[in-house]
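The file start-v9.txt comes next; it holds compact mmCIF, C-alpha atoms and all ligand atoms.
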# COMPACT_ATOMS: atom_id res chain seq x y z
CA MET A 1 0.00 0.00 0.00
CA LYS A 2 1.15 3.53 -0.82
CA LEU A 3 0.24 6.02 1.92
CA VAL A 4 0.37 9.82 1.69
CA ILE A 5 0.68 11.60 5.03
CA GLY A 6 -0.39 15.25 4.84
CA GLY A 7 1.53 17.34 7.36
CA SER A 8 4.73 15.37 7.55
CA THR A 9 6.49 17.40 10.24
CA GLY A 10 3.81 17.43 12.93
CA PHE A 11 3.56 15.68 16.28
CA VAL A 12 1.15 12.96 15.09
CA ALA A 13 2.71 12.66 11.62
CA ALA A 14 6.14 11.87 13.09
CA GLU A 15 4.68 8.88 14.97
CA LEU A 16 2.65 7.82 11.91
CA ILE A 17 5.83 7.81 9.81
CA SER A 18 7.78 5.91 12.46
CA GLN A 19 5.10 3.19 12.75
CA ALA A 20 4.39 3.06 9.00
CA LEU A 21 8.08 2.43 8.33
CA LYS A 22 7.83 -0.75 10.43
CA ASN A 23 4.47 -1.86 8.97
CA PRO A 24 4.96 -4.46 6.21
CA ALA A 25 1.50 -3.73 4.72
CA ILE A 26 2.68 -0.19 3.91
CA THR A 27 5.25 -0.40 1.16
CA SER A 28 5.54 3.28 0.25
CA ILE A 29 5.12 6.42 2.37
CA VAL A 30 4.95 9.93 0.96
CA ALA A 31 5.36 12.56 3.63
CA LEU A 32 3.86 15.79 2.28
CA GLY A 33 4.69 19.01 4.07
CA ARG A 34 5.74 22.62 3.69
CA ARG A 35 9.12 21.54 5.11
CA MET A 36 11.17 18.38 4.75
CA ALA A 37 10.27 15.61 7.18
CA PRO A 38 13.20 14.08 9.04
CA VAL A 39 14.20 11.00 7.06
CA PRO A 40 15.76 8.00 8.85
CA SER A 41 19.37 7.18 8.17
CA GLU A 42 20.14 5.28 4.98
CA ALA A 43 21.49 2.51 7.18
CA ASP A 44 17.89 1.76 8.18
CA PRO A 45 16.61 -0.67 5.51
CA ALA A 46 13.04 0.67 5.92
CA ALA A 47 14.15 4.20 5.01
CA ALA A 48 13.92 3.43 1.28
CA LYS A 49 10.13 3.33 1.46
CA LEU A 50 9.84 6.92 2.74
CA LYS A 51 9.82 9.93 0.43
CA SER A 52 9.63 13.44 1.90
CA ILE A 53 8.03 15.89 -0.53
CA ILE A 54 7.82 19.65 -0.07
CA CYS A 55 4.53 21.17 -1.17
CA ASP A 56 4.57 24.93 -1.74
CA ASN A 57 0.91 25.29 -2.63
CA PHE A 58 -1.69 23.14 -0.85
CA GLU A 59 -4.57 24.49 -2.95
CA ARG A 60 -3.00 23.95 -6.38
CA TYR A 61 -0.60 21.05 -6.38
CA SER A 62 2.56 21.09 -8.47
CA ASP A 63 3.07 18.29 -10.97
CA PRO A 64 5.45 16.33 -8.67
CA VAL A 65 2.86 16.42 -5.87
CA LYS A 66 0.06 15.40 -8.27
CA LYS A 67 2.20 12.48 -9.41
CA GLU A 68 2.34 11.14 -5.86
CA PHE A 69 -1.47 11.05 -5.63
CA GLU A 70 -1.86 9.09 -8.87
CA ASP A 71 -1.05 5.70 -7.41
CA ALA A 72 -1.69 6.43 -3.72
CA ASP A 73 -3.99 3.97 -1.94
CA ALA A 74 -4.67 6.10 1.11
CA CYS A 75 -4.05 9.47 2.71
CA ILE A 76 -4.03 10.52 6.36
CA TRP A 77 -4.51 14.29 6.67
CA THR A 78 -3.04 15.88 9.80
CA ILE A 79 -2.64 19.51 8.65
CA ALA A 80 -4.61 22.11 10.57
CA VAL A 81 -4.10 25.18 12.68
CA THR A 82 -4.36 23.70 16.17
CA PRO A 83 -6.13 25.64 18.97
CA MET A 84 -2.77 26.54 20.58
CA LYS A 85 -1.70 28.35 17.37
CA LEU A 86 -5.03 30.04 16.60
CA ASN A 87 -3.88 33.45 17.85
CA THR A 88 -0.88 33.43 15.51
CA VAL A 89 -2.78 32.88 12.24
CA PRO A 90 -5.44 35.19 10.70
CA TRP A 91 -8.92 33.61 10.65
CA GLU A 92 -9.16 33.52 6.85
CA GLU A 93 -5.85 31.69 6.68
CA THR A 94 -6.99 29.30 9.44
CA CYS A 95 -10.05 28.36 7.35
CA LYS A 96 -7.89 27.79 4.29
CA ILE A 97 -5.33 25.65 6.13
CA SER A 98 -7.76 23.64 8.28
CA ARG A 99 -10.56 23.14 5.74
CA ASP A 100 -9.56 23.89 2.14
CA TYR A 101 -6.22 22.05 2.25
CA ALA A 102 -8.04 18.89 3.38
CA THR A 103 -10.75 19.11 0.72
CA THR A 104 -8.11 19.71 -1.98
CA ALA A 105 -6.32 16.55 -0.84
CA ILE A 106 -9.39 14.30 -0.93
CA GLN A 107 -10.30 15.65 -4.37
CA ALA A 108 -6.78 14.94 -5.61
CA LEU A 109 -6.89 11.40 -4.24
CA HIS A 110 -10.06 10.88 -6.26
CA ALA A 111 -9.46 12.86 -9.45
CA LEU A 112 -5.84 11.83 -10.04
CA ARG A 113 -6.24 8.10 -9.41
CA GLN A 114 -4.96 5.94 -12.20
CA THR A 115 -6.84 2.75 -11.35
CA PRO A 116 -10.49 3.80 -10.97
CA ASP A 117 -11.71 0.37 -9.85
CA LYS A 118 -9.65 0.45 -6.62
CA PRO A 119 -11.17 2.49 -3.75
CA ARG A 120 -8.93 5.01 -1.99
CA ARG A 121 -9.10 5.70 1.73
CA PHE A 122 -8.89 9.17 3.26
CA ILE A 123 -8.71 10.01 6.97
CA TYR A 124 -9.26 13.55 8.20
CA MET A 125 -7.89 14.20 11.69
CA SER A 126 -10.32 16.40 13.51
CA GLY A 127 -10.91 16.74 17.24
CA HIS A 128 -13.26 15.63 20.02
CA PHE A 129 -15.13 18.95 20.13
CA ALA A 130 -15.96 19.65 16.48
CA PRO A 131 -19.72 20.05 16.11
CA ARG A 132 -21.23 19.70 12.66
CA SER A 133 -23.99 22.22 13.40
CA ARG A 134 -24.58 25.18 15.74
CA ALA A 135 -27.19 23.15 17.59
CA GLU A 136 -24.47 20.69 18.64
CA VAL A 137 -21.98 23.27 20.00
CA PRO A 138 -20.89 21.98 23.42
CA GLU A 139 -20.49 24.21 26.46
CA GLU A 140 -16.74 23.51 26.51
CA LEU A 141 -16.23 25.34 23.19
CA GLN A 142 -18.24 28.31 24.43
CA ASN A 143 -16.18 28.45 27.63
CA HIS A 144 -12.93 28.63 25.65
CA GLY A 145 -14.10 31.05 22.95
CA LEU A 146 -13.68 28.34 20.33
CA ILE A 147 -17.16 28.14 18.83
CA ASP A 148 -16.18 29.31 15.33
CA TYR A 149 -13.07 27.15 15.36
CA GLY A 150 -15.01 24.06 16.44
CA LEU A 151 -17.63 24.71 13.75
CA LEU A 152 -14.90 25.12 11.13
CA ARG A 153 -13.49 21.70 12.02
CA GLY A 154 -17.01 20.21 12.07
CA GLU A 155 -17.77 21.74 8.67
CA THR A 156 -14.60 20.15 7.30
CA GLU A 157 -15.64 16.77 8.71
CA ALA A 158 -18.98 17.07 6.93
CA LEU A 159 -17.34 18.10 3.64
CA VAL A 160 -14.89 15.18 3.77
CA LEU A 161 -17.64 12.66 4.54
CA ALA A 162 -19.94 14.10 1.86
CA TYR A 163 -17.14 13.92 -0.68
CA GLY A 164 -16.69 10.22 0.06
CA GLU A 165 -20.40 9.57 -0.25
CA GLN A 166 -20.69 11.46 -3.53
CA SER A 167 -17.73 9.59 -5.01
CA GLN A 168 -19.88 6.44 -4.90
CA GLY A 169 -17.25 4.28 -3.33
CA ALA A 170 -14.26 5.64 -5.29
CA VAL A 171 -13.01 7.34 -2.12
CA GLN A 172 -13.89 6.08 1.33
CA SER A 173 -13.61 8.83 3.88
CA CYS A 174 -13.30 8.73 7.63
CA VAL A 175 -13.14 11.39 10.33
CA VAL A 176 -11.28 10.77 13.57
CA LYS A 177 -12.09 12.76 16.70
CA PRO A 178 -9.37 12.31 19.33
CA GLY A 179 -9.18 14.12 22.62
CA LEU A 180 -5.82 15.26 23.98
CA ILE A 181 -2.95 13.21 22.61
CA ASP A 182 -0.30 12.32 25.19
CA ALA A 183 3.29 11.29 24.60
CA PRO A 184 6.22 10.53 26.88
CA GLY A 185 8.12 13.71 27.63
CA LYS A 186 5.19 15.92 26.63
CA GLU A 187 3.55 17.94 29.38
CA LYS A 188 0.18 16.35 30.13
CA ARG A 189 -2.59 18.96 29.87
CA GLU A 190 -6.04 18.62 31.42
CA ILE A 191 -9.05 20.26 29.80
CA PRO A 192 -12.40 19.51 31.46
CA GLY A 193 -14.52 17.24 29.26
CA LEU A 194 -11.66 16.23 26.95
CA PRO A 195 -10.57 12.57 27.01
CA HIS A 196 -6.97 11.47 26.44
CA ILE A 197 -5.28 9.06 24.07
CA ASP A 198 -1.64 7.97 23.82
CA LEU A 199 0.27 8.91 20.69
CA PRO A 200 1.30 5.31 19.81
CA ASP A 201 -2.34 4.19 20.14
CA ILE A 202 -3.79 6.83 17.83
CA ALA A 203 -1.08 6.33 15.22
CA ALA A 204 -1.60 2.54 15.32
CA ALA A 205 -5.37 3.03 14.98
CA LEU A 206 -5.07 5.32 11.95
CA LEU A 207 -2.67 2.95 10.19
CA ASP A 208 -4.86 -0.06 11.02
CA GLN A 209 -7.87 1.65 9.51
CA VAL A 210 -6.22 2.74 6.25
CA VAL A 211 -4.79 -0.75 5.79
CA HIS A 212 -7.85 -2.84 6.78
CA GLY A 213 -10.76 -0.50 6.08
CA PHE A 214 -12.88 1.83 8.19
CA GLU A 215 -15.02 0.40 10.98
CA GLU A 216 -17.23 3.50 10.84
CA ASP A 217 -17.05 6.80 8.98
CA THR A 218 -16.48 8.63 12.27
CA LEU A 219 -14.22 7.28 15.02
CA SER A 220 -14.35 8.66 18.55
CA ASN A 221 -11.51 8.85 21.05
CA SER A 222 -12.63 5.57 22.68
CA ASP A 223 -12.88 3.85 19.27
CA LEU A 224 -9.33 4.98 18.51
CA ILE A 225 -7.98 3.67 21.83
CA ARG A 226 -9.67 0.30 21.29
CA ILE A 227 -8.50 -0.06 17.67
CA GLY A 228 -4.99 1.22 18.41
CA GLN A 229 -4.45 -1.05 21.40
CA ARG A 230 -5.78 -4.06 19.48
CA ALA A 231 -3.46 -3.28 16.57
CA ARG A 232 -0.45 -2.86 18.85
CA ALA A 233 -1.24 -6.10 20.72
CA GLY A 234 -1.41 -7.87 17.35
CA GLU A 235 2.00 -6.55 16.43
CA LEU A 236 3.47 -7.83 19.68
CA THR A 237 2.10 -11.33 19.12
CA ALA A 238 2.80 -11.43 15.34
N1 LIG B 301 -2.07 17.06 19.41
C1 LIG B 301 -3.26 16.84 19.98
O1 LIG B 301 -3.38 16.65 21.23
C2 LIG B 301 -4.49 16.78 19.12
C3 LIG B 301 -5.72 16.48 19.73
C4 LIG B 301 -6.86 16.39 18.96
C5 LIG B 301 -6.79 16.61 17.59
N2 LIG B 301 -5.60 16.91 17.02
C6 LIG B 301 -5.58 17.16 15.56
O2 LIG B 301 -4.67 16.25 14.95
C7 LIG B 301 -4.04 16.88 13.82
C8 LIG B 301 -2.53 16.78 13.98
O3 LIG B 301 -2.18 17.39 15.22
P1 LIG B 301 -0.67 17.62 15.64
O4 LIG B 301 -0.66 17.75 17.11
O5 LIG B 301 0.22 16.64 14.96
O6 LIG B 301 -0.42 19.07 15.02
P2 LIG B 301 0.98 19.79 14.72
O7 LIG B 301 2.10 19.13 15.44
O8 LIG B 301 0.75 21.25 14.95
O9 LIG B 301 1.18 19.50 13.16
C9 LIG B 301 0.40 20.15 12.23
C10 LIG B 301 0.99 19.94 10.86
O10 LIG B 301 0.33 20.85 9.99
C11 LIG B 301 1.31 21.58 9.28
N3 LIG B 301 0.87 22.92 8.98
C12 LIG B 301 0.39 23.86 9.82
N4 LIG B 301 0.17 25.00 9.14
C13 LIG B 301 0.48 24.76 7.85
C14 LIG B 301 0.47 25.54 6.67
N5 LIG B 301 0.10 26.82 6.67
N6 LIG B 301 0.89 24.96 5.52
C15 LIG B 301 1.28 23.68 5.50
N7 LIG B 301 1.33 22.88 6.59
C16 LIG B 301 0.94 23.43 7.75
C17 LIG B 301 2.50 21.63 10.21
O11 LIG B 301 3.66 21.96 9.46
P3 LIG B 301 4.91 22.73 10.16
O12 LIG B 301 5.61 21.68 10.98
O13 LIG B 301 5.69 23.22 9.01
O14 LIG B 301 4.30 23.81 11.02
C18 LIG B 301 2.49 20.22 10.76
O15 LIG B 301 3.08 19.33 9.84
C19 LIG B 301 -4.57 18.31 13.78
O16 LIG B 301 -5.67 18.34 12.93
C20 LIG B 301 -5.05 18.53 15.21
O17 LIG B 301 -6.06 19.51 15.30
C21 LIG B 301 -4.45 17.00 17.73

Would you put the structure from the file into structure tokens?
Amino acid sequence: MKLVIGGSTGFVAAELISQALKNPAITSIVALGRRMAPVPSEADPAAAKLKSIICDNFERYSDPVKKEFEDADACIWTIAVTPMKLNTVPWEETCKISRDYATTAIQALHALRQTPDKPRRFIYMSGHFAPRSRAEVPEELQNHGLIDYGLLRGETEALVLAYGEQSQGAVQSCVVKPGLIDAPGKEKREIPGLPHIDLPDIAAALLDQVVHGFEEDTLSNSDLIRIGQRARAGELTA
């Protein structure tokens, strides 16, 4: 399987790349980012399956980027302005980065595919509090002044899922809604109402789902823990 990871330099993407390098079902990894992703040393035999590609326009792909989508089987999209960085990016830019970049990617996965009979899989990483309508806005978003941001992420979820449905099976889309992602050495934050998940578990869950197919079109934090832990236990006993 050839996997494109959108947002190659991020916290989650780094773990995805590390686990995908060890996963025999994934034979080619394209790490797509605005900067080069750290590539393992050439001494590591798995390093040959990773290609780091710089993308300088996430709304209109260059020919080399388009080429990578032609034979891709799946894409995991991690790019977004995260809540911590919201104050550093103008709102219009936040919408473009967190919504339009993702919809461009799912369209590319569909439109550029060379073997139309084979379905592609697309995962959009969203968050626990991302309502798909104003009526669903939880109190927690109101308390943190994040209503518009949460709705933007929820709107993107809906667009990604609708795109999959309209493609009539050509692209299968899935939205994942983790809570706070914890990793060794990373300060553990507590936000009332937000569940936690460990970084190795979420990465294992996302890779399991692109390889084996989506259990549901929307996966909650508890789904991701269950799938990730099952996948990691399988690796240990394999
Ligand atoms: N971390 C968590 O606890 C958590 C919890 C729930 C949901 N999530 C969601 O999971 C996803 C991944 O999170 P993360 O923690 O890995 O985020 P992250 O470390 O901030 O990584 C985000 C990625 O997006 C890229 N990016 C940001 N702005 C960009 C732009 N203008 N153009 C191109 N690329 C851009 C970053 O590239 P640079 O490295 O070049 O900046 C980076 O590769 C996000 O959607 C996030 O909202 C995360």

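Minimum atom-to-atom distance to Pro192 in chain A, evaluated using all atoms listed in the file, belongs to A:Gly179 out of A:Gly179, A:Pro45, A:Gly169, A:Gly228.
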
Response to the item:
Taken to one decimal, the CA of Asp63 in chain A-atom C18 of ligand LIG 301 (chain B) distance is 21.8 Å

Chain A residues near ligand LIG 301 (chain B) within 7 Å, closest pair each, using only C-alpha atoms and all ligand atoms, as a tab-separated table:
residue	atom	partner	partner_atom	distance
A:Gly7	CA	B:LIG301	O15	3.5
A:Ser8	CA	B:LIG301	O15	4.9
A:Thr9	CA	B:LIG301	O15	3.9
A:Gly10	CA	B:LIG301	O9	3.4
A:Phe11	CA	B:LIG301	O5	3.7
A:Val12	CA	B:LIG301	O5	3.8
A:Ala13	CA	B:LIG301	O5	5.8
A:Gly33	CA	B:LIG301	N7	5.7
A:Arg34	CA	B:LIG301	C15	4.9
A:Arg35	CA	B:LIG301	O13	5.5
A:Thr78	CA	B:LIG301	C7	4.3
A:Ile79	CA	B:LIG301	O10	3.5
A:Ala80	CA	B:LIG301	O16	4.6
A:Val81	CA	B:LIG301	C12	5.5
A:Thr82	CA	B:LIG301	O17	4.6
A:Ile97	CA	B:LIG301	N5	5.6
A:Met125	CA	B:LIG301	O16	4.9
A:Ser126	CA	B:LIG301	O16	5.1
A:Gly127	CA	B:LIG301	C5	4.1
A:His128	CA	B:LIG301	C4	6.5
A:Lys177	CA	B:LIG301	C5	6.6
A:Pro178	CA	B:LIG301	C4	4.8
A:Gly179	CA	B:LIG301	C4	4.9
A:Leu180	CA	B:LIG301	O1	3.9
A:Ile181	CA	B:LIG301	O1	3.7
A:Asp182	CA	B:LIG301	O1	6.6

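Going from CA of Ala31 in chain A to CA of Gly6 in chain A covers 6.5 Å.
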
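Pairwise distance (CA of Phe214 in chain A, CA of Gln166 in chain A) equals 17.1 Å.
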
Item to complete: Excluding Asp148 in chain A and residues on its chain fewer than 3 positions from it, collect all residues at most 10 Å away from it, counting only C-alpha atoms, and give them as a list in words.
Response: Trp91, Ala130, Pro131, Arg134, Val137, Leu141, Gln142, Gly145, Leu151, Leu152, Arg153 and Gly154 of chain A

Sorted by chain and rising residue number, list the residues of range 134-211 of chain A at most 10 Å from range 104-116 of chain A (counting all atoms listed in the file), each with its closest atom pair and distance in Å to one decimal, as a tab-separated table.
residue	atom	partner	partner_atom	distance
A:Leu159	CA	A:Ile106	CA	9.9
A:Val160	CA	A:Ile106	CA	7.3
A:Tyr163	CA	A:Ile106	CA	7.8
A:Gly164	CA	A:Ile106	CA	8.4
A:Ser167	CA	A:His110	CA	7.9
A:Ala170	CA	A:His110	CA	6.8
A:Val171	CA	A:His110	CA	6.2
A:Gln172	CA	A:Ile106	CA	9.6
A:Ser173	CA	A:Ile106	CA	8.4

Worksheet item: Neighbours of Glu15 in chain A within 10 Å (only C-alpha atoms; same-chain residues fewer than 5 positions away dropped), as a ChimeraX atom specification?
Response: /A:8-10,20-21,199-204

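Nearest residue to Leu16 in chain A, choosing from A:Ile54, A:Ala231, A:Val39, A:Leu206 and counting all atoms listed in the file: A:Leu206.
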
Listed atoms of range 68-74 of chain A boxed axis-aligned with 6 Å per side, centre + edges as AutoDock Vina command-line options:
--center_x -1.2 --center_y 7.6 --center_z -3.9 --size_x 19.0 --size_y 19.2 --size_z 22.0

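The shortest atom-to-atom distance to Leu207 in chain A, with all atoms listed in the file taken into account, belongs to A:Ile227 out of A:Val30, A:Cys55, A:Ala102, A:Ile227.
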
Worksheet item: With distances taken over only C-alpha atoms, which of A:Val175, A:Leu146, A:Leu3, A:Ala158 is nearest to Met84 in chain A?
Response: A:Leu146

Discussion item. So that I can see what lies close to Glu155 in chain A, please list as a PyMOL selection string the residues with an atom at most 8 Å from it, counting all atoms listed in the file and leaving out residues fewer than 5 positions away in the same chain.
Written reply: chain A and resi 99+131-133

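Here the question is which of A:Leu224, A:Leu86, A:Val4, A:Ala37 gets nearest to Lys67 in chain A using only C-alpha atoms, and that residue is A:Val4.
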
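Comparing A:Pro83, A:Pro90, A:Gly193, A:Pro38 by their smallest distance to Ile53 in chain A, the closest is A:Pro38 (using all atoms listed in the file).
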